[in-house]
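The structure file structure08.cif is reproduced below (mmCIF, C-alpha atoms).
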data_input
#
loop_
_atom_site.label_atom_id
_atom_site.label_comp_id
_atom_site.auth_asym_id
_atom_site.auth_seq_id
_atom_site.Cartn_x
_atom_site.Cartn_y
_atom_site.Cartn_z
CA MET A 391 -30.16 -9.08 38.26
CA VAL A 392 -31.70 -6.07 36.63
CA GLN A 393 -34.87 -4.87 38.22
CA ALA A 394 -37.95 -4.78 36.05
CA PRO A 395 -39.17 -1.28 35.24
CA GLU A 396 -42.35 0.11 36.75
CA GLY A 397 -45.45 -1.46 35.33
CA VAL A 398 -48.69 -3.22 35.92
CA GLU A 399 -48.22 -6.75 37.10
CA GLY A 400 -50.67 -9.56 37.49
CA ALA A 401 -50.86 -13.31 37.24
CA GLY A 402 -49.12 -14.24 34.00
CA PHE A 403 -48.66 -10.77 32.59
CA PHE A 404 -46.61 -7.65 33.00
CA ALA A 405 -47.35 -4.42 31.23
CA THR A 406 -45.11 -1.37 30.93
CA SER A 407 -44.18 1.22 28.31
CA LEU A 408 -41.94 0.36 25.40
CA GLU A 409 -39.69 3.26 26.31
CA LYS A 410 -38.91 1.77 29.70
CA VAL A 411 -38.12 -1.65 28.26
CA VAL A 412 -35.85 -0.20 25.60
CA GLY A 413 -34.22 2.03 28.18
CA MET A 414 -33.57 -0.92 30.46
CA ALA A 415 -32.10 -2.97 27.64
CA ARG A 416 -29.88 -0.17 26.37
CA LYS A 417 -28.73 0.73 29.84
CA ASN A 418 -27.39 -2.73 30.48
CA SER A 419 -25.63 -3.27 27.19
CA ILE A 420 -23.67 -0.10 26.54
CA TRP A 421 -20.79 -0.77 24.15
CA PRO A 422 -18.03 1.71 24.92
CA LEU A 423 -15.50 2.96 22.44
CA PRO A 424 -12.35 3.84 24.39
CA PHE A 425 -10.53 6.85 22.99
CA ALA A 426 -7.59 6.71 25.37
CA THR A 427 -4.58 8.95 24.89
CA SER A 428 -2.83 9.11 28.25
CA CYS A 429 -2.91 8.25 31.95
CA CYS A 430 -6.72 8.31 32.18
CA GLY A 431 -6.57 5.47 29.67
CA ILE A 432 -4.47 3.47 32.13
CA GLU A 433 -7.11 4.03 34.80
CA PHE A 434 -9.68 2.89 32.29
CA MET A 435 -7.72 -0.32 31.74
CA ALA A 436 -7.90 -0.93 35.47
CA THR A 437 -11.62 -0.21 35.31
CA MET A 438 -12.01 -2.88 32.65
CA GLY A 439 -9.88 -5.35 34.60
CA ALA A 440 -11.07 -8.07 36.92
CA HIS A 441 -10.88 -6.02 40.10
CA TYR A 442 -13.18 -3.15 39.13
CA ASP A 443 -14.82 -5.09 36.31
CA LEU A 444 -16.90 -2.78 34.19
CA ALA A 445 -18.49 -5.94 32.78
CA ARG A 446 -20.80 -5.91 35.78
CA PHE A 447 -22.54 -2.98 34.12
CA GLY A 448 -22.99 -4.74 30.80
CA SER A 449 -20.09 -2.87 29.21
CA GLU A 450 -17.54 -5.63 28.86
CA ARG A 451 -17.77 -5.56 25.10
CA LEU A 452 -15.53 -2.76 23.94
CA SER A 453 -16.26 -1.66 20.44
CA PHE A 454 -13.19 -0.62 18.55
CA SER A 455 -15.33 0.42 15.64
CA PRO A 456 -17.24 3.65 16.19
CA ARG A 457 -20.06 2.32 14.03
CA GLN A 458 -21.08 -0.24 16.62
CA ALA A 459 -20.39 1.81 19.72
CA ASP A 460 -22.94 3.47 21.98
CA LEU A 461 -20.63 5.36 24.29
CA LEU A 462 -17.54 7.32 23.34
CA MET A 463 -15.18 7.44 26.30
CA VAL A 464 -12.59 10.14 25.78
CA MET A 465 -9.75 9.65 28.23
CA GLY A 466 -6.73 11.86 28.11
CA THR A 467 -5.25 14.98 26.59
CA ILE A 468 -6.58 15.79 23.14
CA ALA A 469 -4.13 17.83 21.11
CA LYS A 470 -5.63 20.33 18.71
CA LYS A 471 -4.24 18.31 15.88
CA MET A 472 -6.21 15.29 17.08
CA GLY A 473 -9.45 17.26 17.34
CA PRO A 474 -10.65 16.51 13.78
CA VAL A 475 -9.93 12.81 14.34
CA LEU A 476 -12.02 12.73 17.51
CA ARG A 477 -14.77 14.58 15.75
CA GLN A 478 -14.75 12.13 12.87
CA VAL A 479 -14.97 9.22 15.29
CA TYR A 480 -17.97 10.86 16.91
CA GLU A 481 -19.62 11.50 13.55
CA GLN A 482 -19.16 7.85 12.58
CA MET A 483 -21.06 6.63 15.63
CA ALA A 484 -24.70 5.71 15.06
CA GLU A 485 -27.48 7.29 17.08
CA PRO A 486 -28.20 7.01 19.91
CA ARG A 487 -24.71 7.87 21.11
CA TRP A 488 -23.33 9.22 24.33
CA VAL A 489 -20.02 10.80 25.27
CA LEU A 490 -18.18 10.44 28.55
CA SER A 491 -15.31 12.84 29.11
CA VAL A 492 -12.88 11.28 31.58
CA GLY A 493 -10.34 13.38 33.41
CA ALA A 494 -9.34 17.02 33.62
CA CYS A 495 -7.60 17.12 30.22
CA ALA A 496 -10.51 15.83 28.18
CA SER A 497 -12.94 17.98 30.13
CA SER A 498 -11.07 21.28 30.16
CA GLY A 499 -7.53 20.91 28.89
CA GLY A 500 -6.41 20.32 32.47
CA ILE A 501 -2.90 21.46 33.29
CA PHE A 502 -2.12 21.75 29.59
CA ASP A 503 -3.20 25.33 29.15
CA THR A 504 -1.09 25.72 26.05
CA TYR A 505 -1.34 26.55 22.39
CA SER A 506 -1.25 22.94 21.21
CA VAL A 507 -3.91 21.35 23.41
CA LEU A 508 -7.65 21.42 22.92
CA GLN A 509 -9.16 23.15 25.96
CA GLY A 510 -11.88 20.56 26.54
CA ILE A 511 -13.45 18.20 24.02
CA ASP A 512 -16.78 20.00 24.41
CA ARG A 513 -15.36 22.59 22.04
CA ILE A 514 -15.79 20.11 19.20
CA ILE A 515 -18.29 17.46 20.27
CA PRO A 516 -21.19 17.42 22.77
CA VAL A 517 -20.46 15.73 26.09
CA ASP A 518 -23.01 14.00 28.32
CA VAL A 519 -21.04 13.33 31.50
CA TYR A 520 -17.75 14.75 32.79
CA VAL A 521 -15.58 12.78 35.19
CA PRO A 522 -13.21 15.03 37.18
CA GLY A 523 -9.81 13.89 38.39
CA CYS A 524 -6.23 13.83 37.23
CA PRO A 525 -6.48 10.96 36.59
CA PRO A 526 -9.76 9.83 38.15
CA ARG A 527 -9.74 6.56 40.05
CA PRO A 528 -11.62 3.60 38.54
CA GLU A 529 -14.41 4.20 41.05
CA GLN A 530 -14.92 7.65 39.60
CA ILE A 531 -14.98 6.28 36.05
CA ILE A 532 -17.56 3.71 37.14
CA ASP A 533 -19.55 6.53 38.70
CA GLY A 534 -19.42 8.35 35.38
CA VAL A 535 -20.56 5.24 33.52
CA MET A 536 -23.43 4.84 35.98
CA LYS A 537 -24.44 8.44 35.35
CA ILE A 538 -24.43 7.62 31.63
CA GLN A 539 -26.55 4.55 32.39
CA ARG A 540 -29.03 6.78 34.16
CA LEU A 541 -29.20 9.03 31.07
CA VAL A 542 -29.59 6.04 28.77
CA GLU A 543 -32.31 4.51 30.89
CA THR A 544 -34.43 7.61 31.14
CA GLU A 545 -33.91 9.03 27.68
CA SER A 546 -37.04 9.49 25.62
CA LEU A 547 -37.13 7.44 22.44
CA ARG A 548 -37.98 10.58 20.51
CA ARG A 549 -35.25 12.77 21.93
CA ARG A 550 -32.85 12.21 19.03
CA ASP A 551 -35.53 13.31 16.55
CA SER A 552 -36.29 16.52 18.38
CA ALA A 553 -35.54 19.96 17.03
CA GLU A 554 -33.61 20.82 20.19
CA TYR A 555 -31.26 17.89 19.66
CA LYS A 556 -30.65 18.86 16.05
CA ALA A 557 -30.05 22.44 17.08
CA MET A 558 -27.56 21.25 19.69
CA LEU A 559 -25.65 19.23 17.08
CA ASN A 560 -25.75 22.16 14.70
CA GLN A 561 -24.03 24.26 17.34
CA TYR A 562 -21.07 21.95 16.89
CA GLY A 563 -21.42 22.06 13.13
CA ILE A 564 -22.41 18.40 12.92
CA GLU A 565 -24.88 17.51 10.13
CA MET B 1120 40.09 20.29 25.92
CA GLU B 1121 41.94 17.38 24.49
CA GLY B 1122 39.90 15.01 22.36
CA THR B 1123 37.01 17.40 22.04
CA GLY B 1124 37.97 18.52 18.58
CA LEU B 1125 37.31 22.20 19.14
CA GLU B 1126 40.81 23.39 18.18
CA LYS B 1127 40.99 20.93 15.34
CA THR B 1128 37.65 22.13 13.99
CA ILE B 1129 38.75 25.75 14.26
CA GLY B 1130 41.94 24.82 12.45
CA VAL B 1131 40.02 23.16 9.64
CA LEU B 1132 37.68 26.13 9.41
CA ASN B 1133 40.59 28.55 9.13
CA GLU B 1134 41.88 26.67 6.09
CA LYS B 1135 39.06 28.01 3.98
CA PHE B 1136 36.80 30.20 6.06
CA GLU B 1137 39.16 32.54 7.83
CA GLY B 1138 37.23 35.28 9.58
CA GLU B 1139 33.90 33.48 9.65
CA VAL B 1140 34.29 32.43 13.26
CA LEU B 1141 32.88 34.97 15.72
CA HIS B 1142 33.26 33.01 18.91
CA ALA B 1143 34.41 29.57 19.96
CA ALA B 1144 34.28 28.00 23.40
CA MET B 1145 33.65 24.84 25.31
CA LEU B 1146 30.16 25.14 26.76
CA TYR B 1147 29.44 22.39 29.28
CA ASP B 1148 31.99 20.09 27.60
CA PHE B 1149 30.47 20.82 24.22
CA PRO B 1150 32.53 22.60 21.55
CA THR B 1151 30.41 25.52 20.42
CA ILE B 1152 31.28 27.78 17.54
CA THR B 1153 29.37 30.90 16.62
CA LEU B 1154 29.67 31.81 12.97
CA LYS B 1155 28.68 34.54 10.58
CA LYS B 1156 25.46 33.52 8.90
CA ASP B 1157 26.29 33.99 5.23
CA LYS B 1158 28.39 30.92 4.46
CA ILE B 1159 26.94 28.50 6.96
CA ILE B 1160 25.87 25.87 4.44
CA GLU B 1161 29.27 25.83 2.70
CA ILE B 1162 30.94 25.61 6.11
CA ILE B 1163 28.87 22.61 7.18
CA LYS B 1164 29.48 20.92 3.84
CA PHE B 1165 33.20 21.61 4.19
CA LEU B 1166 33.31 20.19 7.73
CA LYS B 1167 31.35 17.16 6.59
CA GLU B 1168 33.69 16.37 3.71
CA HIS B 1169 37.02 17.38 5.24
CA PRO B 1170 39.02 14.24 6.18
CA ASP B 1171 40.18 15.75 9.49
CA THR B 1172 36.74 16.61 10.85
CA HIS B 1173 34.34 14.47 8.81
CA TYR B 1174 31.21 15.45 10.71
CA HIS B 1175 29.03 13.16 8.67
CA TYR B 1176 25.95 13.09 10.88
CA LEU B 1177 23.56 15.92 11.65
CA THR B 1178 22.32 15.23 15.17
CA THR B 1179 19.88 18.08 15.39
CA LEU B 1180 19.01 21.52 14.22
CA CYS B 1181 16.76 23.99 15.97
CA GLY B 1182 15.92 27.60 16.58
CA ILE B 1183 16.38 29.72 19.71
CA HIS B 1184 14.65 33.04 20.19
CA PHE B 1185 16.51 35.83 21.99
CA PRO B 1186 13.95 38.61 22.43
CA GLU B 1187 16.41 40.95 24.17
CA LEU B 1188 18.77 40.70 21.18
CA ASN B 1189 15.85 40.67 18.75
CA GLN B 1190 17.51 37.73 17.07
CA ILE B 1191 16.75 34.12 16.30
CA ALA B 1192 19.66 31.72 16.53
CA ILE B 1193 19.89 28.55 14.51
CA MET B 1194 21.85 25.80 16.14
CA TYR B 1195 23.34 22.92 14.16
CA GLN B 1196 24.80 19.98 16.02
CA LEU B 1197 27.15 17.73 14.09
CA HIS B 1198 28.65 14.40 15.02
CA ASN B 1199 31.55 12.32 13.78
CA MET B 1200 30.60 8.81 14.77
CA VAL B 1201 34.02 7.39 14.01
CA SER B 1202 35.97 9.60 16.40
CA GLY B 1203 33.04 10.43 18.67
CA GLU B 1204 33.67 14.13 18.22
CA ARG B 1205 30.82 16.57 18.15
CA VAL B 1206 30.44 20.24 17.42
CA ARG B 1207 27.70 22.81 17.76
CA LEU B 1208 27.48 25.63 15.24
CA LYS B 1209 25.38 28.71 15.88
CA ILE B 1210 24.32 31.53 13.65
CA TYR B 1211 22.17 34.53 14.50
CA LEU B 1212 19.42 35.86 12.26
CA PRO B 1213 17.41 39.06 12.65
CA ALA B 1214 14.04 38.26 14.25
CA GLU B 1215 12.10 40.43 11.78
CA LYS B 1216 13.27 38.45 8.79
CA PRO B 1217 14.86 35.13 9.74
CA GLU B 1218 16.05 33.60 6.51
CA VAL B 1219 18.78 31.08 5.90
CA PRO B 1220 19.52 28.68 3.02
CA THR B 1221 18.33 25.14 3.53
CA LEU B 1222 20.67 22.44 4.78
CA THR B 1223 18.78 19.72 2.92
CA THR B 1224 21.31 20.10 0.11
CA VAL B 1225 23.94 18.65 2.46
CA PHE B 1226 21.91 16.51 4.87
CA ALA B 1227 18.60 15.10 3.64
CA GLY B 1228 17.68 14.54 7.27
CA ALA B 1229 17.52 18.28 7.82
CA ASN B 1230 14.18 18.32 6.01
CA TRP B 1231 11.88 17.69 8.98
CA MET B 1232 14.12 19.56 11.42
CA GLU B 1233 13.86 22.67 9.27
CA ARG B 1234 10.13 22.21 8.96
CA GLU B 1235 9.93 22.05 12.76
CA THR B 1236 12.04 25.19 13.09
CA TYR B 1237 9.80 26.93 10.60
CA ASP B 1238 6.74 25.68 12.48
CA PHE B 1239 7.83 27.03 15.85
CA PHE B 1240 9.98 30.05 14.98
CA GLY B 1241 8.91 31.07 11.48
CA VAL B 1242 12.42 30.74 10.09
CA ILE B 1243 12.37 30.62 6.29
CA PHE B 1244 14.78 28.05 4.89
CA THR B 1245 15.22 29.17 1.31
CA GLY B 1246 15.37 26.30 -1.15
CA HIS B 1247 13.66 23.86 1.20
CA PRO B 1248 11.68 21.30 -0.87
CA ASP B 1249 8.54 21.32 1.30
CA LEU B 1250 8.52 24.07 3.91
CA ARG B 1251 5.21 23.77 5.76
CA ARG B 1252 4.11 23.11 9.33
CA ILE B 1253 4.94 19.68 10.67
CA LEU B 1254 3.72 19.40 14.28
CA ASN B 1255 1.17 22.13 14.84
CA VAL B 1256 -2.24 22.39 13.24
CA GLU B 1257 -2.02 23.73 9.70
CA ASP B 1258 -4.28 26.70 10.31
CA MET B 1259 -2.21 28.04 13.21
CA ILE B 1260 -1.45 31.71 12.70
CA MET B 1261 1.45 32.10 15.11
CA PHE B 1262 4.93 30.72 15.70
CA PRO B 1263 4.41 29.51 19.24
CA LEU B 1264 7.99 29.34 20.55
CA ARG B 1265 8.64 32.97 19.76
CA LYS B 1266 8.38 34.90 22.98
CA GLU B 1267 5.97 37.51 21.63
CA PHE B 1268 3.25 34.88 21.37
CA PRO B 1269 1.52 33.82 24.58
CA LEU B 1270 2.14 30.25 25.67
CA GLU B 1271 -1.33 29.78 27.10
CA ASP B 1272 -4.37 29.10 25.01
CA GLN B 1273 -6.37 32.32 24.85
CA VAL B 1274 -9.78 30.67 24.75
CA ARG B 1275 -9.82 29.60 28.38
CA ASP B 1276 -12.00 31.68 30.64
CA ASP B 1277 -11.82 29.66 33.85
CA LYS B 1278 -8.39 30.90 34.83
CA ASN B 1279 -9.24 34.39 36.02
CA ASP B 1280 -7.67 35.66 39.22
CA THR B 1281 -10.84 35.59 41.32
CA MET B 1282 -10.89 31.81 41.16
CA PHE B 1283 -7.33 31.55 42.40
CA GLY B 1284 -7.51 34.21 45.11
CA ARG B 1285 -4.86 36.37 43.47
#

Any chance you could put this one into structure tokens?
Amino acid sequence: MVQAPEGVEGAGFFATSLEKVVGMARKNSIWPLPFATSCCGIEFMATMGAHYDLARFGSERLSFSPRQADLLMVMGTIAKKMGPVLRQVYEQMAEPRWVLSVGACASSGGIFDTYSVLQGIDRIIPVDVYVPGCPPRPEQIIDGVMKIQRLVETESLRRRDSAEYKAMLNQYGIE
Amino acid sequence: MEGTGLEKTIGVLNEKFEGEVLHAAMLYDFPTITLKKDKIIEIIKFLKEHPDTHYHYLTTLCGIHFPELNQIAIMYQLHNMVSGERVRLKIYLPAEKPEVPTLTTVFAGANWMERETYDFFGVIFTGHPDLRRILNVEDMIMFPLRKEFPLEDQVRDDKNDTMFGR
């Protein structure tokens, strides 16, 4: 059961802010888009499986279309040649959108410090949460998803309209 | 050395290309012949069509950089699937201007192999129908398998010595 947000409660009524209700609803129905390229993707499959069961967090519905996804999970080594593809996937996602970078390769290039590998996806798209590990265990991925949930829950409804957010996207040359 | 085809191949080569062979040896059970670079395409075509050798399949083709020699070698590996015989042909090109005629006139399958060799070593295959990068990003400005280019990505700043106690 999800706990009700803070509010004023009385006989037959409950009052809280719209932001908190929306945050609660979004938090518990994040649709992830898995962008899995290597072993972190295998760990993610375990995370989605019955044992670790990401469905407990309301994320059982994977969206294989970026247009209906809330959370982009990048798991694995991203070659420089794949960079534009990843960026296009991110651009196709509707706001609000979040990005989880799973594993050392997606976060920093990892052991692949070489001419052909992108040294961290944050060079082309903004990242909300980084999960360390090579590859991280499913528990760590769940921890990352819970950190994302925390961001989703507490995010202001106006954040995506703010000048700071636009400036941040512009840094990446998006929009 | 029996059944490897090295002597037979040398014999066939000497029919028409006497003096082109610089060196021939069995390297790790693999007949390897180093040739002068000028007639390499005619030689491969000749070996392909000659009834005694009939190397009708191009297994692979690639570049090798020798910085101490300041040369780039091109290695062609041919296979006769009927007899099971194979041969490796090597030519050396100057590293400043590595240029060799394309093998696509003999083996269509050389197309992507030559593109790969161009991509990684900057070897120009003259007459190639579509010589552009195949594996690396198009805007790359280096030929990464040449030794003068650093292997590591230069944008990383977290790998300084203080973090590794060196």

Considering only C-alpha atoms, return as a PyMOL selection string whatever protein or nucleic-acid residues lie within 8 Å of B:Val1140, sequence-local ones (same chain, fewer than 5 positions apart) excluded.
chain B and resi 1152-1155

Proximal residues of chain A relative to chain B (all atoms listed in the file; 7 Å) as a PDB file with C-alpha atoms, in the coordinates of the input:
ATOM      1  CA  LYS A 470      -5.630  20.330  18.710  1.00  0.00           C
ATOM      2  CA  LYS A 471      -4.240  18.310  15.880  1.00  0.00           C
ATOM      3  CA  ASP A 503      -3.200  25.330  29.150  1.00  0.00           C
ATOM      4  CA  THR A 504      -1.090  25.720  26.050  1.00  0.00           C
ATOM      5  CA  TYR A 505      -1.340  26.550  22.390  1.00  0.00           C
ATOM      6  CA  SER A 506      -1.250  22.940  21.210  1.00  0.00           C
ATOM      7  CA  GLN A 509      -9.160  23.150  25.960  1.00  0.00           C
TER       8      GLN A 509
END

Which distance in Å separates atom CA of A:Val489 and atom CA of A:Val517, to one decimal?
5.0 Å

For the file shown, report as number ranges by chain the outcome of the PyMOL selection byres ((chain B and resi 1146) around 12) at residue level.
B: 1120, 1123, 1125, 1142-1145, 1147-1153, 1206-1208

When you look at A:Pro525 with a cut-off of 10 Å (counting only C-alpha atoms), what residues show up, excluding the ones that are within fewer than 3 positions of it in the same chain? I need them as a PDB file with C-alpha atoms, keeping the file's coordinate frame.
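Everything below was put into selection_0.pdb:
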ATOM      1  CA  SER A 428      -2.830   9.110  28.250  1.00  0.00           C
ATOM      2  CA  CYS A 429      -2.910   8.250  31.950  1.00  0.00           C
ATOM      3  CA  CYS A 430      -6.720   8.310  32.180  1.00  0.00           C
ATOM      4  CA  GLY A 431      -6.570   5.470  29.670  1.00  0.00           C
ATOM      5  CA  ILE A 432      -4.470   3.470  32.130  1.00  0.00           C
ATOM      6  CA  GLU A 433      -7.110   4.030  34.800  1.00  0.00           C
ATOM      7  CA  PHE A 434      -9.680   2.890  32.290  1.00  0.00           C
ATOM      8  CA  MET A 465      -9.750   9.650  28.230  1.00  0.00           C
ATOM      9  CA  GLY A 466      -6.730  11.860  28.110  1.00  0.00           C
ATOM     10  CA  VAL A 492     -12.880  11.280  31.580  1.00  0.00           C
ATOM     11  CA  GLY A 493     -10.340  13.380  33.410  1.00  0.00           C
ATOM     12  CA  ALA A 494      -9.340  17.020  33.620  1.00  0.00           C
ATOM     13  CA  CYS A 495      -7.600  17.120  30.220  1.00  0.00           C
ATOM     14  CA  VAL A 521     -15.580  12.780  35.190  1.00  0.00           C
ATOM     15  CA  PRO A 522     -13.210  15.030  37.180  1.00  0.00           C
ATOM     16  CA  PRO A 528     -11.620   3.600  38.540  1.00  0.00           C
ATOM     17  CA  GLN A 530     -14.920   7.650  39.600  1.00  0.00           C
ATOM     18  CA  ILE A 531     -14.980   6.280  36.050  1.00  0.00           C
TER      19      ILE A 531
END

May I ask which of the residues B:Glu1139, B:Glu1187, B:Glu1204, B:Glu1161 is the closest one to B:Glu1126, counting all atoms listed in the file?
B:Glu1204

List as a ChimeraX atom specification the protein and nucleic acid residues near B:Thr1179, meaning an atom at most 7 Å away when all atoms listed in the file are counted, but skip any in the same chain fewer than 2 places from it.
/B:1177,1181,1195-1196

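Rounded to one decimal, atom CA of A:Gln539 and atom CA of A:Glu565 lie 25.8 Å from each other.
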
For the file shown, what are the residues hit by the PyMOL selection byres ((chain B and resi 1219) around 9), laid out as a list in words?
Lys1156, Asp1157, Ile1159, Ile1160, Leu1212, Pro1217, Glu1218, Pro1220, Thr1221, Leu1222, Val1242, Ile1243, Phe1244 and Thr1245 of chain B

Could stretch 448-470 of chain A be completed with N, CA and C atoms and returned as a PDB file, in the frame of the given file?
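Full text of out.pdb as output:
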ATOM      1  N   GLY A 448     -22.597  -4.397  32.163  1.00  0.00           N
ATOM      2  CA  GLY A 448     -22.990  -4.740  30.800  1.00  0.00           C
ATOM      3  C   GLY A 448     -22.128  -4.082  29.749  1.00  0.00           C
ATOM      4  N   SER A 449     -20.947  -3.588  30.157  1.00  0.00           N
ATOM      5  CA  SER A 449     -20.090  -2.870  29.210  1.00  0.00           C
ATOM      6  C   SER A 449     -18.790  -3.609  28.964  1.00  0.00           C
ATOM      7  N   GLU A 450     -18.814  -4.938  29.060  1.00  0.00           N
ATOM      8  CA  GLU A 450     -17.540  -5.630  28.860  1.00  0.00           C
ATOM      9  C   GLU A 450     -17.139  -5.671  27.405  1.00  0.00           C
ATOM     10  N   ARG A 451     -18.089  -5.438  26.519  1.00  0.00           N
ATOM     11  CA  ARG A 451     -17.770  -5.560  25.100  1.00  0.00           C
ATOM     12  C   ARG A 451     -17.355  -4.192  24.573  1.00  0.00           C
ATOM     13  N   LEU A 452     -16.033  -4.004  24.503  1.00  0.00           N
ATOM     14  CA  LEU A 452     -15.530  -2.760  23.940  1.00  0.00           C
ATOM     15  C   LEU A 452     -15.709  -2.821  22.432  1.00  0.00           C
ATOM     16  N   SER A 453     -16.112  -1.714  21.889  1.00  0.00           N
ATOM     17  CA  SER A 453     -16.260  -1.660  20.440  1.00  0.00           C
ATOM     18  C   SER A 453     -15.134  -0.801  19.892  1.00  0.00           C
ATOM     19  N   PHE A 454     -14.275  -1.411  19.113  1.00  0.00           N
ATOM     20  CA  PHE A 454     -13.190  -0.620  18.550  1.00  0.00           C
ATOM     21  C   PHE A 454     -13.557  -0.076  17.182  1.00  0.00           C
ATOM     22  N   SER A 455     -14.809  -0.273  16.814  1.00  0.00           N
ATOM     23  CA  SER A 455     -15.330   0.420  15.640  1.00  0.00           C
ATOM     24  C   SER A 455     -16.372   1.418  16.118  1.00  0.00           C
ATOM     25  N   PRO A 456     -16.245   2.680  15.738  1.00  0.00           N
ATOM     26  CA  PRO A 456     -17.240   3.650  16.190  1.00  0.00           C
ATOM     27  C   PRO A 456     -18.647   3.313  15.699  1.00  0.00           C
ATOM     28  N   ARG A 457     -18.743   2.576  14.611  1.00  0.00           N
ATOM     29  CA  ARG A 457     -20.060   2.320  14.030  1.00  0.00           C
ATOM     30  C   ARG A 457     -20.911   1.417  14.895  1.00  0.00           C
ATOM     31  N   GLN A 458     -20.306   0.636  15.756  1.00  0.00           N
ATOM     32  CA  GLN A 458     -21.080  -0.240  16.620  1.00  0.00           C
ATOM     33  C   GLN A 458     -21.012   0.183  18.076  1.00  0.00           C
ATOM     34  N   ALA A 459     -20.549   1.378  18.338  1.00  0.00           N
ATOM     35  CA  ALA A 459     -20.390   1.810  19.720  1.00  0.00           C
ATOM     36  C   ALA A 459     -21.560   2.691  20.135  1.00  0.00           C
ATOM     37  N   ASP A 460     -21.888   2.614  21.426  1.00  0.00           N
ATOM     38  CA  ASP A 460     -22.940   3.470  21.980  1.00  0.00           C
ATOM     39  C   ASP A 460     -22.349   4.639  22.752  1.00  0.00           C
ATOM     40  N   LEU A 461     -21.198   4.380  23.366  1.00  0.00           N
ATOM     41  CA  LEU A 461     -20.630   5.360  24.290  1.00  0.00           C
ATOM     42  C   LEU A 461     -19.193   5.654  23.889  1.00  0.00           C
ATOM     43  N   LEU A 462     -18.914   6.904  23.628  1.00  0.00           N
ATOM     44  CA  LEU A 462     -17.540   7.320  23.340  1.00  0.00           C
ATOM     45  C   LEU A 462     -16.913   7.779  24.642  1.00  0.00           C
ATOM     46  N   MET A 463     -15.878   7.061  25.070  1.00  0.00           N
ATOM     47  CA  MET A 463     -15.180   7.440  26.300  1.00  0.00           C
ATOM     48  C   MET A 463     -13.880   8.120  25.914  1.00  0.00           C
ATOM     49  N   VAL A 464     -13.795   9.410  26.124  1.00  0.00           N
ATOM     50  CA  VAL A 464     -12.590  10.140  25.780  1.00  0.00           C
ATOM     51  C   VAL A 464     -11.760  10.285  27.049  1.00  0.00           C
ATOM     52  N   MET A 465     -10.568   9.685  27.027  1.00  0.00           N
ATOM     53  CA  MET A 465      -9.750   9.650  28.230  1.00  0.00           C
ATOM     54  C   MET A 465      -8.360  10.154  27.897  1.00  0.00           C
ATOM     55  N   GLY A 466      -8.083  11.357  28.317  1.00  0.00           N
ATOM     56  CA  GLY A 466      -6.730  11.860  28.110  1.00  0.00           C
ATOM     57  C   GLY A 466      -6.696  13.163  27.352  1.00  0.00           C
ATOM     58  N   THR A 467      -5.469  13.703  27.248  1.00  0.00           N
ATOM     59  CA  THR A 467      -5.250  14.980  26.590  1.00  0.00           C
ATOM     60  C   THR A 467      -5.542  14.869  25.104  1.00  0.00           C
ATOM     61  N   ILE A 468      -6.326  15.771  24.572  1.00  0.00           N
ATOM     62  CA  ILE A 468      -6.580  15.790  23.140  1.00  0.00           C
ATOM     63  C   ILE A 468      -5.870  17.008  22.563  1.00  0.00           C
ATOM     64  N   ALA A 469      -4.844  16.742  21.771  1.00  0.00           N
ATOM     65  CA  ALA A 469      -4.130  17.830  21.110  1.00  0.00           C
ATOM     66  C   ALA A 469      -5.033  18.423  20.036  1.00  0.00           C
ATOM     67  N   LYS A 470      -4.787  19.688  19.722  1.00  0.00           N
ATOM     68  CA  LYS A 470      -5.630  20.330  18.710  1.00  0.00           C
ATOM     69  C   LYS A 470      -5.554  19.586  17.391  1.00  0.00           C
TER      70      LYS A 470
END
